[in-house]
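> The structure is given below, and queries will be raised subsequently.
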Amino acid sequence: MRPNLLILGGTTEATALAQAAAAEGIDATLSFAGRVERPKPQPIPVRIGGFGGVDGLVSFLTAQRISHVVDATHPFAAQMSRNAVAACRATGVPLVALTRPPWTPQPGDDWQHVPDIAGAVAELAGSPRRVMLAVGRMHLDVFAAQAQHFYLLRLVDPPDGPIPLPNHQAVVSRGPFTEAGDRALMREHRIDLVVSKNAGGTGARAKIDAARALGLPVLMIDRPALPARREASTPAEVLDWLAHSGANLGV
Ligand code: 3Y8
Ligand code: NAP
């Protein structure tokens, strides 16, 4: 059977898998939620927007005759991952997650783990600090509870409305980032605390390396729990899984 892959994307790994699928001539579609104005161009067909919950995803898998699903979404995209597990269980379509391990502290790191975004907000109680908040645009409103700080915000797109933080500077920039660039940014804005999701991977880790180099503390937001599912850590492992799941990858 010729495979027809659905890749749930939005990460560096998803882009790498899309490139590998294109190189192998494997039919694949990359799916974005539509969170940013100009998603990165891809070498395979792209679809943009939610599916409409589990039922919507089930309908998509059936209508598009998807043979395999690869969940290559960000570790914090927990709802999408839960929906993928449920829809693939309901349809019998094989699923693998292409994921990356969480970052672990290295010598010189000064991390305080918090369980989620609310935990990070709670930890920010107290006297004004100069905080680098690089968690994207989707959660800024909850940090208004700690409006006493200066916030350096990093967004993929220019803000589409007022930012609910009275004392902030927004930098519009998409990753992957560099340690030298993030170190310069932190120095320029006299940052004394970094808030980060434990995204893992390479595209977001520059700020962690820069914080270590500058001896800055990091509020590290741990990942949400995800349902059990088969996992792969490289595109090659995904292609190997595909070949062993009866997919005829052609000669
Ligand atoms: C729309 C699609 C690639 C993918 C690149 C990776 C690396 C660069 C670093 C910081 C951290 C953050 C954020 C981040 C990174 C990669 C990867 C990654 C973090 C794009 C993309 C989409 C998104 C959505 C966006 C979120 C936001 C999160 C910015 C494409 C560029 C903070 C996550 O403005 C918004 O609404 C942004 C929303 C979801 C987190 C959030 O909750 O706000 N990603 N990011 C995807 C879709 O529509 O389905 O254009 O490539 C992808 C990438 N962003 O192929 O090179 O693999 O992680 N993305 C975090 O890690 O904390 C930035 O600034 O230091
Ligand atoms: P989420 O909270 O897990 O998902 C919320 C809803 O968004 C899903 O139920 C689904 O809508 C839709 N959705 C999410 N990812 C999708 C995809 N790849 N294709 C189609 N629909 C998708 O997701 P999120 O945290 O908002 O992340 C959205 C996107 O940004 C994902 O592609 C993710 O990989 C990327 N991203 C997120 C982060 C982050 O920090 N959250 C970081 C980097 C990249 P329906 O229920 O209608 O199907």
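Residues in the structure tokens are numbered from 1 in each chain, the chains being A, B, ... in the order shown, and ligands are numbered from 1 in the order shown.
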Env of Val238 in chain A: 8 Å cut, atoms = only C-alpha atoms, seq-sep filter 3 positions within chain, self excluded. Answer as JSON, numbers by chain.

{"A": [70, 96, 98, 232, 234, 235, 241, 242]}

> Would you mind listing the residues within 6 Å of ligand 1, counting only C-alpha atoms and all ligand atoms, as a PyMOL selection string?

chain A and resi 9-12+15+32-36+38-40+134-138+154-157+174-176+196-197+199+203-204+207

> Ligand 2: which residues are within 7 Å, counting only C-alpha atoms and all ligand atoms? Reply as a ChimeraX atom specification.

/A:8-11,31-33,35,48-54,56-57,72-74,76-81,83,135-136

> If you keep N, CA, C and O atoms, can you produce a file of those selected residues as an mmCIF file, in the first residue's frame?


data_model
loop_
_atom_site.group_PDB
_atom_site.id
_atom_site.type_symbol
_atom_site.label_atom_id
_atom_site.label_comp_id
_atom_site.auth_asym_id
_atom_site.auth_seq_id
_atom_site.Cartn_x
_atom_site.Cartn_y
_atom_site.Cartn_z
ATOM 1 N N LEU A 8 1.303 16.240 11.619
ATOM 2 C CA LEU A 8 0.810 17.361 12.433
ATOM 3 C C LEU A 8 2.058 18.163 12.807
ATOM 4 O O LEU A 8 2.934 17.647 13.519
ATOM 5 N N GLY A 9 2.156 19.378 12.288
ATOM 6 C CA GLY A 9 3.429 20.064 12.297
ATOM 7 C C GLY A 9 3.568 21.200 13.286
ATOM 8 O O GLY A 9 2.936 21.228 14.331
ATOM 9 N N GLY A 10 4.430 22.148 12.944
ATOM 10 C CA GLY A 10 4.641 23.334 13.767
ATOM 11 C C GLY A 10 5.945 23.293 14.538
ATOM 12 O O GLY A 10 6.159 24.043 15.477
ATOM 13 N N THR A 11 6.834 22.380 14.167
ATOM 14 C CA THR A 11 8.136 22.296 14.845
ATOM 15 C C THR A 11 9.257 22.055 13.825
ATOM 16 O O THR A 11 9.002 21.710 12.673
ATOM 17 N N SER A 31 0.301 19.684 8.366
ATOM 18 C CA SER A 31 -0.830 20.423 8.911
ATOM 19 C C SER A 31 -0.377 21.436 9.964
ATOM 20 O O SER A 31 0.377 21.093 10.890
ATOM 21 N N PHE A 32 -0.814 22.693 9.799
ATOM 22 C CA PHE A 32 -0.580 23.756 10.790
ATOM 23 C C PHE A 32 -1.922 24.149 11.396
ATOM 24 O O PHE A 32 -2.964 24.092 10.725
ATOM 25 N N ALA A 33 -1.870 24.654 12.630
ATOM 26 C CA ALA A 33 -3.108 25.135 13.260
ATOM 27 C C ALA A 33 -3.537 26.479 12.683
ATOM 28 O O ALA A 33 -4.712 26.850 12.725
ATOM 29 N N ARG A 35 -1.607 29.355 13.553
ATOM 30 C CA ARG A 35 -1.297 30.281 14.651
ATOM 31 C C ARG A 35 -0.509 31.496 14.193
ATOM 32 O O ARG A 35 -0.480 32.513 14.887
ATOM 33 N N ILE A 48 -3.995 24.251 6.571
ATOM 34 C CA ILE A 48 -3.910 25.163 7.718
ATOM 35 C C ILE A 48 -5.276 25.287 8.392
ATOM 36 O O ILE A 48 -6.293 25.486 7.708
ATOM 37 N N GLY A 49 -5.290 25.140 9.732
ATOM 38 C CA GLY A 49 -6.527 25.310 10.496
ATOM 39 C C GLY A 49 -6.861 24.066 11.291
ATOM 40 O O GLY A 49 -6.411 22.964 10.961
ATOM 41 N N GLY A 50 -7.683 24.274 12.349
ATOM 42 C CA GLY A 50 -8.096 23.119 13.150
ATOM 43 C C GLY A 50 -8.938 22.156 12.319
ATOM 44 O O GLY A 50 -9.478 22.505 11.271
ATOM 45 N N PHE A 51 -9.031 20.920 12.836
ATOM 46 C CA PHE A 51 -9.843 19.903 12.140
ATOM 47 C C PHE A 51 -11.294 19.937 12.627
ATOM 48 O O PHE A 51 -12.184 19.406 11.970
ATOM 49 N N GLY A 52 -11.491 20.533 13.823
ATOM 50 C CA GLY A 52 -12.843 20.481 14.429
ATOM 51 C C GLY A 52 -12.915 19.353 15.438
ATOM 52 O O GLY A 52 -13.808 18.514 15.390
ATOM 53 N N GLY A 53 -11.910 19.306 16.309
ATOM 54 C CA GLY A 53 -11.938 18.302 17.390
ATOM 55 C C GLY A 53 -11.651 16.906 16.858
ATOM 56 O O GLY A 53 -11.262 16.707 15.699
ATOM 57 N N VAL A 54 -11.882 15.931 17.726
ATOM 58 C CA VAL A 54 -11.592 14.528 17.362
ATOM 59 C C VAL A 54 -12.454 14.109 16.160
ATOM 60 O O VAL A 54 -11.954 13.535 15.181
ATOM 61 N N GLY A 56 -13.724 15.886 13.847
ATOM 62 C CA GLY A 56 -13.251 16.534 12.616
ATOM 63 C C GLY A 56 -12.009 15.843 12.070
ATOM 64 O O GLY A 56 -11.852 15.673 10.856
ATOM 65 N N LEU A 57 -11.138 15.445 12.993
ATOM 66 C CA LEU A 57 -9.912 14.749 12.564
ATOM 67 C C LEU A 57 -10.258 13.370 12.004
ATOM 68 O O LEU A 57 -9.711 12.939 10.976
ATOM 69 N N ALA A 72 3.916 15.487 14.996
ATOM 70 C CA ALA A 72 5.215 16.164 15.198
ATOM 71 C C ALA A 72 4.987 17.555 15.774
ATOM 72 O O ALA A 72 5.754 18.488 15.519
ATOM 73 N N THR A 73 3.893 17.678 16.551
ATOM 74 C CA THR A 73 3.584 18.993 17.135
ATOM 75 C C THR A 73 4.503 19.248 18.329
ATOM 76 O O THR A 73 5.190 18.363 18.834
ATOM 77 N N HIS A 74 4.487 20.492 18.780
ATOM 78 C CA HIS A 74 5.293 20.944 19.913
ATOM 79 C C HIS A 74 4.840 20.215 21.177
ATOM 80 O O HIS A 74 3.654 19.918 21.323
ATOM 81 N N PHE A 76 4.079 21.195 23.919
ATOM 82 C CA PHE A 76 3.023 21.894 24.661
ATOM 83 C C PHE A 76 1.703 21.904 23.898
ATOM 84 O O PHE A 76 0.711 22.445 24.397
ATOM 85 N N ALA A 77 1.692 21.338 22.707
ATOM 86 C CA ALA A 77 0.436 21.263 21.935
ATOM 87 C C ALA A 77 -0.326 20.032 22.378
ATOM 88 O O ALA A 77 -0.621 19.114 21.600
ATOM 89 N N ALA A 78 -0.688 20.004 23.668
ATOM 90 C CA ALA A 78 -1.228 18.783 24.282
ATOM 91 C C ALA A 78 -2.605 18.415 23.741
ATOM 92 O O ALA A 78 -2.915 17.230 23.576
ATOM 93 N N GLN A 79 -3.418 19.400 23.440
ATOM 94 C CA GLN A 79 -4.774 19.091 22.965
ATOM 95 C C GLN A 79 -4.710 18.401 21.607
ATOM 96 O O GLN A 79 -5.391 17.399 21.373
ATOM 97 N N MET A 80 -3.835 18.899 20.746
ATOM 98 C CA MET A 80 -3.703 18.272 19.419
ATOM 99 C C MET A 80 -3.225 16.835 19.578
ATOM 100 O O MET A 80 -3.726 15.927 18.912
ATOM 101 N N SER A 81 -2.292 16.635 20.478
ATOM 102 C CA SER A 81 -1.751 15.279 20.665
ATOM 103 C C SER A 81 -2.811 14.343 21.232
ATOM 104 O O SER A 81 -2.928 13.186 20.817
ATOM 105 N N ASN A 83 -6.038 14.663 20.778
ATOM 106 C CA ASN A 83 -6.998 14.405 19.700
ATOM 107 C C ASN A 83 -6.443 13.387 18.698
ATOM 108 O O ASN A 83 -7.187 12.548 18.177
ATOM 109 N N VAL A 135 7.434 32.896 25.569
ATOM 110 C CA VAL A 135 6.510 31.764 25.536
ATOM 111 C C VAL A 135 5.444 32.000 24.473
ATOM 112 O O VAL A 135 4.400 31.361 24.479
ATOM 113 N N GLY A 136 5.708 32.939 23.565
ATOM 114 C CA GLY A 136 4.756 33.206 22.492
ATOM 115 C C GLY A 136 3.647 34.138 22.948
ATOM 116 O O GLY A 136 3.633 34.620 24.076
#

> Might you pull out every residue within 8 Å of range 143-146 of chain A, with only C-alpha atoms counted and same-chain residues fewer than 5 positions away left off, and present them as a ChimeraX atom specification?

/A:121,124-125,164-165

> Go ahead and compute the interatomic distance for CA of Pro159 in chain A and CA of Val172 in chain A, in Å to one decimal.

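Result for CA of Pro159 in chain A versus CA of Val172 in chain A: 8.5 Å, one decimal.
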
> Using backbone DSSP assignments, extract all strand (DSSP E or B) residues from range 7-151 of chain A; output them as a PyMOL selection string.

chain A and resi 7-8+27-32+46-48+68-71+95-98+111-114+130-133+150-151

> Among range 37-250 of chain A, which ones does DSSP place in helix (DSSP H, G or I), written as a short mmCIF file (atom, residue, chain, number, x, y, z; two decimals) with C-alpha atoms, in the first residue's frame?


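After the write, out36.cif holds the following:
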data_model
loop_
_atom_site.label_atom_id
_atom_site.label_comp_id
_atom_site.auth_asym_id
_atom_site.auth_seq_id
_atom_site.Cartn_x
_atom_site.Cartn_y
_atom_site.Cartn_z
CA GLY A 53 -11.94 18.30 17.39
CA VAL A 54 -11.59 14.53 17.36
CA ASP A 55 -14.63 14.05 15.11
CA GLY A 56 -13.25 16.53 12.62
CA LEU A 57 -9.91 14.75 12.56
CA VAL A 58 -11.65 11.36 12.14
CA SER A 59 -13.55 12.76 9.15
CA PHE A 60 -10.34 14.18 7.68
CA LEU A 61 -8.45 10.89 8.05
CA THR A 62 -11.29 9.01 6.37
CA ALA A 63 -12.04 11.51 3.60
CA ALA A 78 -1.23 18.78 24.28
CA GLN A 79 -4.77 19.09 22.97
CA MET A 80 -3.70 18.27 19.42
CA SER A 81 -1.75 15.28 20.67
CA ARG A 82 -4.69 14.01 22.70
CA ASN A 83 -7.00 14.41 19.70
CA ALA A 84 -4.54 12.53 17.46
CA VAL A 85 -4.44 9.55 19.87
CA ALA A 86 -8.25 9.47 20.08
CA ALA A 87 -8.87 9.84 16.34
CA CYS A 88 -6.27 7.22 15.39
CA ARG A 89 -7.71 4.81 17.95
CA ALA A 90 -11.19 5.40 16.53
CA THR A 91 -10.13 4.85 12.91
CA ILE A 117 2.12 28.62 32.94
CA ALA A 118 0.01 29.40 36.05
CA GLY A 119 2.89 28.13 38.18
CA ALA A 120 5.25 30.53 36.42
CA VAL A 121 2.87 33.44 37.06
CA ALA A 122 2.65 32.54 40.75
CA GLU A 123 6.45 32.44 41.05
CA LEU A 140 0.46 36.83 27.71
CA ASP A 141 -2.80 37.78 29.38
CA VAL A 142 -2.24 35.59 32.44
CA PHE A 143 1.05 37.37 33.18
CA ALA A 144 -0.93 40.61 33.69
CA ALA A 145 -1.45 39.30 37.24
CA GLN A 146 2.21 40.24 37.79
CA GLU A 179 22.93 31.92 21.92
CA ALA A 180 24.97 34.98 20.96
CA GLY A 181 21.85 36.75 19.70
CA ASP A 182 19.90 35.93 22.84
CA ARG A 183 22.81 36.91 25.10
CA ALA A 184 22.98 40.32 23.37
CA LEU A 185 19.21 40.74 23.66
CA MET A 186 19.27 39.94 27.39
CA ARG A 187 22.17 42.34 28.00
CA GLU A 188 20.52 45.11 25.96
CA ALA A 206 19.35 29.63 22.69
CA LYS A 207 17.79 31.57 25.56
CA ILE A 208 18.62 28.78 28.00
CA ASP A 209 22.26 28.71 26.90
CA ALA A 210 22.42 32.51 27.03
CA ALA A 211 20.94 32.54 30.55
CA ARG A 212 23.62 30.06 31.69
CA ALA A 213 26.38 32.18 30.12
CA LEU A 214 25.05 35.28 31.89
CA PRO A 235 12.64 11.39 10.83
CA ALA A 236 14.68 8.25 9.95
CA GLU A 237 12.96 6.37 12.77
CA VAL A 238 9.59 7.50 11.43
CA LEU A 239 10.43 6.27 7.91
CA ASP A 240 11.61 2.98 9.40
CA TRP A 241 8.31 2.67 11.30
CA LEU A 242 6.47 3.40 8.08
CA ALA A 243 8.37 0.70 6.18
#

> Just give me the gap between CA of Arg129 in chain A and CA of Asp109 in chain A in Å, one decimal is fine.

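These two atoms are separated by 19.0 Å.
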
> Between A:Val114, A:Val171, A:Leu152, A:Ala22, which has the minimum distance to Asn198 in chain A (counting only C-alpha atoms)?

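Of all the options, A:Val114 lies closest to Asn198 in chain A.
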
> For each of A:Ala28, A:Gln64, A:Pro94, A:Pro41, take the minimum atom-to-atom distance to Arg229 in chain A, counting only C-alpha atoms, then give the residue where this is smallest.

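Among A:Ala28, A:Gln64, A:Pro94, A:Pro41, it is A:Pro94 that comes nearest to Arg229 in chain A.
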
> To one decimal in Å, tell me the separation between CA of Val93 in chain A and CA of Pro227 in chain A.

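If I compute the distance from CA of Val93 in chain A to CA of Pro227 in chain A, I get 16.4 Å.
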